[in-house]
There are 2 protein chains.
Amino acid sequence: MEKTAATAIAHPNIAFIKYWGNRDPELRLPANGSLSMNLGGLLTRTRVWFDPTLAQDEIWLNSQPLEGAARERVVRFLDLVRGLAGRTLAAHVESENNFPAGAGLASSAAAFAALALASTAALGLRLDEAALSRLARRGSGSAARSVPAGFVEWQPGRGDADSYAFSIAPPEHWPLVDCVAIVESAHKAIGSSQGHLLAATSPLQAARVADAPRRLRIARQAIWRRDFEALAEIAEQDSMMLHAVMLTSQPPLIYWRGVSVELMHAVASWRREGIAAFYTLDAGPNVHVICLPEHAESIQRRLRDFPGVREVIVAQVGGPARLVEGQG
Amino acid sequence: MEKTAATAIAHPNIAFIKYWGNRDPELRLPANGSLSMNLGGLLTRTRVWFDPTLAQDEIWLNSQPLEGAARERVVRFLDLVRGLAGRTLAAHVESENNFPAGAGLASSAAAFAALALASTAALGLRLDEAALSRLARRGSGSAARSVPAGFVEWQPGRGDADSYAFSIAPPEHWPLVDCVAIVESAHKAIGSSQGHLLAATSPLQAARVADAPRRLRIARQAIWRRDFEALAEIAEQDSMMLHAVMLTSQPPLIYWRGVSVELMHAVASWRREGIAAFYTLDAGPNVHVICLPEHAESIQRRLRDFPGVREVIVAQVGGPARLVEGQG
């Protein structure tokens, strides 16, 4: 067969209503629906080709060969794609992030969204957006949300068939800015995949999940109406609910550092001053400060001056996962 | 009538299973049962006499006259006591704490336990411990737990009549030490009474309350068996559950400061090193580090050297509220 390469790019995303815990860890069917925006400017670029001369998959991330459990996770994902296409060829995968490694930005969402698109295209499959989102979900749950454009909701679904994400508004709907404060941390956090398994050990997870439809409704409406204050309040509460579950898991997951908490206090006080900004934190100590574009410069300056902040990364609302080679 | 004075002392307490939220705010019937130890060495000393020559209650705290809402709270409590005794005399109250004001240590528990005992004794009432605990509860919920000795459980009760605290083990049962790290904080926290009213606004409070019997059972057994690791795990989880509710209230109550979180990380790592210590935090940024006596010196040293810790206050397990004048 011809050796067909495809290259795709995808953005990471930041969730306003978070995903934590799976009903089905194997299928990555989430405990609750979630809602995010893609982070434009930050991206993963992934090139894939299937090659009959290869004995096994070769997977490179940022010019380093992947090994061990990280490699196995990608190989299992490629097995899914090969199954869809009815092929058995080994793949060569090269993936690169344009954002600093070790910055603590969740990269698996962008990685599996780009890989889902590039690998299916390389095998000549043409999946629609929902099917691609479902497939990306199998690699990393939140990757389902990096497939559609802009503001994205991942519906939990009844099963594999309807657990996928879709855009609820395009990037140009509302020009929010995410200023990510990367904080100093000597400690390596527990990975999300492992963390998801602990969600059910918290006595608070069931209540967090049961309340998710309310939070999703408020966040969705706030985005549609461009109601910053409403989005700020519900996103901060949702972030707190995620960490409430983590902090009360057994063992507890304390992803925050001191500076994370000081930043939450600071952002809350900035908003009381009239600056349209709110905080949200994923499974790590970094603080995402979401703001209106007219405040982005002031927020960046304040964050760069904040004791314990190592770096500030800025992103606008991003587009969908897309092919940059191999559409033909 | 004769002018009879009575003086009582009572200790503050630190809860391992926390009280947060009331079923009935007026009667201070708690949402859930709680469990604490009294903090010996730290105490409130309160002298009361009822005086027919007084036109109204005179209330002094740490040599300052109480005014405004704080005074009203004490007057309303004295009205309860006068009602019990069938008297209408105004009272003179002098109360002093031997621990630094503004250290952020909850003083209302010790204050209302001592006031309940001194004021009833001054009017010639002889209440048994349960009745005294019920009465103290009306001034400040956690004051119910500062009436009995040592390790104390406050049963939520079905109503006013059976919502009181009792000792589950005397002070000498287990010589735990509380090293309280007082942290730097420019911010005035929201008072507990106001905070309790917000508990029900958290989507997680019902789950915290529903799970309380489990936590109480584990903590009670751990104390009886002197099982430090078991107490450590459940007390830290319970502290996290309290703050989970606070953090997700509307508006959120972020009592922690950065140093609070850094101390939690530190104490957890010290325990992994083999030092018998755990953390618990009330409605404030200070970190109570509970340890076995053989580690108390090392813990104090580590806390004093910790960046952002202003002062360390040490307490052993304390006795009951008791009269030091006016028993006759």
# chains A, B, ... in the order shown; residues from 1 in each chain; ligands from 1

$ closest_atom_pairs --of "segment 255-327 of chain A" --to "segment 8-11 of chain A" --cutoff "10 Å" --atoms "only C-alpha atoms" --output "JSON lines"
{"residue": "A:Val317", "atom": "CA", "partner": "A:His11", "partner_atom": "CA", "distance": 9.6}
{"residue": "A:Gly318", "atom": "CA", "partner": "A:His11", "partner_atom": "CA", "distance": 6.7}
{"residue": "A:Gly319", "atom": "CA", "partner": "A:His11", "partner_atom": "CA", "distance": 7.6}
{"residue": "A:Pro320", "atom": "CA", "partner": "A:Ala10", "partner_atom": "CA", "distance": 6.5}
{"residue": "A:Ala321", "atom": "CA", "partner": "A:Ala10", "partner_atom": "CA", "distance": 4.2}
{"residue": "A:Arg322", "atom": "CA", "partner": "A:Ala8", "partner_atom": "CA", "distance": 5.4}
{"residue": "A:Leu323", "atom": "CA", "partner": "A:Ala8", "partner_atom": "CA", "distance": 4.2}
{"residue": "A:Val324", "atom": "CA", "partner": "A:Ala8", "partner_atom": "CA", "distance": 5.5}
{"residue": "A:Glu325", "atom": "CA", "partner": "A:Ala8", "partner_atom": "CA", "distance": 6.9}
{"residue": "A:Gly326", "atom": "CA", "partner": "A:Ala8", "partner_atom": "CA", "distance": 8.6}
{"residue": "A:Gln327", "atom": "CA", "partner": "A:Ala8", "partner_atom": "CA", "distance": 9.7}

$ select_by_dssp --residues "segment 62-147 of chain A" --states "alpha helix (DSSP H)" --output "VMD selection string"
chain A and resid 68 to 85 108 to 122 129 to 139

$ residues_around --residues "Met240 of chain B" --least-positions-apart "6" --cutoff "8 Å" --atoms "only C-alpha atoms" --output "count of residues only"
3

$ interface_residues --of "chain A" --to "chain B" --cutoff "12 Å" --atoms "only C-alpha atoms" --output "number ranges by chain"
A: 185-187, 201-212, 214-215, 232-266, 268-269, 285, 307-308

$ residues_around --residues "Ser133 of chain A" --least-positions-apart "4" --cutoff "6 Å" --atoms "only C-alpha atoms" --output "ChimeraX atom specification"
/A:144,147,164

$ residues_around --residues "Arg301 of chain B" --least-positions-apart "3" --cutoff "12 Å" --atoms "only C-alpha atoms" --output "list in words"
Cys179, Ala181, His295, Ala296, Glu297, Ser298, Arg304, Asp305, Phe306, Val309, Glu311, Val312, Ile313 and Val314 of chain B

$ decode --residues "segment 1-39 of chain A" --atoms "N, CA and C atoms" --output "mmCIF file, in the first residue's frame"
data_model
loop_
_atom_site.group_PDB
_atom_site.id
_atom_site.type_symbol
_atom_site.label_atom_id
_atom_site.label_comp_id
_atom_site.auth_asym_id
_atom_site.auth_seq_id
_atom_site.Cartn_x
_atom_site.Cartn_y
_atom_site.Cartn_z
ATOM 1 N N MET A 1 0.837 -1.206 0.000
ATOM 2 C CA MET A 1 0.000 0.000 0.000
ATOM 3 C C MET A 1 0.872 1.256 0.000
ATOM 4 N N GLU A 2 0.268 2.345 -0.384
ATOM 5 C CA GLU A 2 0.974 3.618 -0.309
ATOM 6 C C GLU A 2 1.155 4.031 1.159
ATOM 7 N N LYS A 3 2.266 4.654 1.421
ATOM 8 C CA LYS A 3 2.512 5.155 2.769
ATOM 9 C C LYS A 3 1.895 6.545 2.866
ATOM 10 N N THR A 4 0.728 6.691 3.549
ATOM 11 C CA THR A 4 0.056 7.977 3.625
ATOM 12 C C THR A 4 0.303 8.626 4.974
ATOM 13 N N ALA A 5 0.821 9.802 4.960
ATOM 14 C CA ALA A 5 1.023 10.535 6.205
ATOM 15 C C ALA A 5 -0.108 11.544 6.385
ATOM 16 N N ALA A 6 -0.423 11.830 7.626
ATOM 17 C CA ALA A 6 -1.359 12.913 7.931
ATOM 18 C C ALA A 6 -0.836 13.652 9.142
ATOM 19 N N THR A 7 -1.045 14.969 9.148
ATOM 20 C CA THR A 7 -0.634 15.799 10.273
ATOM 21 C C THR A 7 -1.847 16.581 10.758
ATOM 22 N N ALA A 8 -2.034 16.557 12.072
ATOM 23 C CA ALA A 8 -3.163 17.303 12.652
ATOM 24 C C ALA A 8 -2.649 18.166 13.791
ATOM 25 N N ILE A 9 -3.376 19.245 14.022
ATOM 26 C CA ILE A 9 -3.101 20.035 15.223
ATOM 27 C C ILE A 9 -4.367 20.085 16.076
ATOM 28 N N ALA A 10 -4.144 20.211 17.382
ATOM 29 C CA ALA A 10 -5.277 20.384 18.302
ATOM 30 C C ALA A 10 -4.799 21.216 19.472
ATOM 31 N N HIS A 11 -5.736 21.881 20.111
ATOM 32 C CA HIS A 11 -5.424 22.737 21.256
ATOM 33 C C HIS A 11 -5.756 22.036 22.560
ATOM 34 N N PRO A 12 -5.021 22.353 23.616
ATOM 35 C CA PRO A 12 -5.517 21.940 24.936
ATOM 36 C C PRO A 12 -6.795 22.731 25.235
ATOM 37 N N ASN A 13 -7.458 22.369 26.286
ATOM 38 C CA ASN A 13 -8.652 23.140 26.680
ATOM 39 C C ASN A 13 -8.651 23.327 28.181
ATOM 40 N N ILE A 14 -9.371 24.347 28.615
ATOM 41 C CA ILE A 14 -9.547 24.558 30.052
ATOM 42 C C ILE A 14 -11.044 24.438 30.354
ATOM 43 N N ALA A 15 -11.349 23.586 31.319
ATOM 44 C CA ALA A 15 -12.758 23.332 31.633
ATOM 45 C C ALA A 15 -13.270 24.330 32.664
ATOM 46 N N PHE A 16 -14.460 24.867 32.404
ATOM 47 C CA PHE A 16 -15.175 25.700 33.383
ATOM 48 C C PHE A 16 -16.033 24.805 34.282
ATOM 49 N N ILE A 17 -16.560 23.736 33.698
ATOM 50 C CA ILE A 17 -17.235 22.693 34.475
ATOM 51 C C ILE A 17 -16.404 21.438 34.242
ATOM 52 N N LYS A 18 -15.823 20.915 35.314
ATOM 53 C CA LYS A 18 -14.739 19.943 35.200
ATOM 54 C C LYS A 18 -15.242 18.510 35.087
ATOM 55 N N TYR A 19 -14.401 17.721 34.460
ATOM 56 C CA TYR A 19 -14.558 16.268 34.363
ATOM 57 C C TYR A 19 -13.716 15.637 35.457
ATOM 58 N N TRP A 20 -14.320 14.793 36.313
ATOM 59 C CA TRP A 20 -13.526 14.083 37.318
ATOM 60 C C TRP A 20 -14.251 12.807 37.711
ATOM 61 N N GLY A 21 -13.622 11.695 37.407
ATOM 62 C CA GLY A 21 -14.213 10.399 37.725
ATOM 63 C C GLY A 21 -14.933 9.812 36.519
ATOM 64 N N ASN A 22 -14.826 8.498 36.366
ATOM 65 C CA ASN A 22 -15.445 7.805 35.243
ATOM 66 C C ASN A 22 -16.495 6.819 35.718
ATOM 67 N N ARG A 23 -17.596 6.751 34.965
ATOM 68 C CA ARG A 23 -18.541 5.644 35.195
ATOM 69 C C ARG A 23 -17.910 4.362 34.698
ATOM 70 N N ASP A 24 -17.127 4.468 33.621
ATOM 71 C CA ASP A 24 -16.480 3.312 33.017
ATOM 72 C C ASP A 24 -15.061 3.736 32.651
ATOM 73 N N PRO A 25 -14.065 3.329 33.446
ATOM 74 C CA PRO A 25 -12.688 3.786 33.200
ATOM 75 C C PRO A 25 -12.139 3.292 31.865
ATOM 76 N N GLU A 26 -12.509 2.081 31.460
ATOM 77 C CA GLU A 26 -11.996 1.525 30.208
ATOM 78 C C GLU A 26 -12.482 2.359 29.017
ATOM 79 N N LEU A 27 -13.771 2.653 29.002
ATOM 80 C CA LEU A 27 -14.338 3.444 27.899
ATOM 81 C C LEU A 27 -14.220 4.943 28.146
ATOM 82 N N ARG A 28 -13.738 5.314 29.317
ATOM 83 C CA ARG A 28 -13.680 6.721 29.735
ATOM 84 C C ARG A 28 -15.041 7.396 29.543
ATOM 85 N N LEU A 29 -16.053 6.747 30.094
ATOM 86 C CA LEU A 29 -17.368 7.388 30.156
ATOM 87 C C LEU A 29 -17.393 8.171 31.457
ATOM 88 N N PRO A 30 -17.587 9.485 31.358
ATOM 89 C CA PRO A 30 -17.369 10.336 32.529
ATOM 90 C C PRO A 30 -18.522 10.256 33.528
ATOM 91 N N ALA A 31 -18.190 10.541 34.776
ATOM 92 C CA ALA A 31 -19.219 10.595 35.819
ATOM 93 C C ALA A 31 -20.192 11.745 35.558
ATOM 94 N N ASN A 32 -19.699 12.824 34.955
ATOM 95 C CA ASN A 32 -20.563 13.993 34.735
ATOM 96 C C ASN A 32 -20.177 14.711 33.449
ATOM 97 N N GLY A 33 -21.111 15.476 32.921
ATOM 98 C CA GLY A 33 -20.830 16.305 31.765
ATOM 99 C C GLY A 33 -19.863 17.423 32.121
ATOM 100 N N SER A 34 -19.194 17.965 31.104
ATOM 101 C CA SER A 34 -18.216 19.032 31.363
ATOM 102 C C SER A 34 -18.261 20.048 30.228
ATOM 103 N N LEU A 35 -17.622 21.184 30.475
ATOM 104 C CA LEU A 35 -17.726 22.297 29.534
ATOM 105 C C LEU A 35 -16.418 23.080 29.575
ATOM 106 N N SER A 36 -15.891 23.401 28.385
ATOM 107 C CA SER A 36 -14.546 23.996 28.342
ATOM 108 C C SER A 36 -14.422 24.986 27.197
ATOM 109 N N MET A 37 -13.274 25.673 27.195
ATOM 110 C CA MET A 37 -12.919 26.412 25.986
ATOM 111 C C MET A 37 -11.538 25.941 25.541
ATOM 112 N N ASN A 38 -11.375 25.874 24.219
ATOM 113 C CA ASN A 38 -10.067 25.508 23.679
ATOM 114 C C ASN A 38 -9.100 26.671 23.849
ATOM 115 N N LEU A 39 -7.821 26.320 24.014
ATOM 116 C CA LEU A 39 -6.793 27.325 24.258
ATOM 117 C C LEU A 39 -6.003 27.557 22.973
#
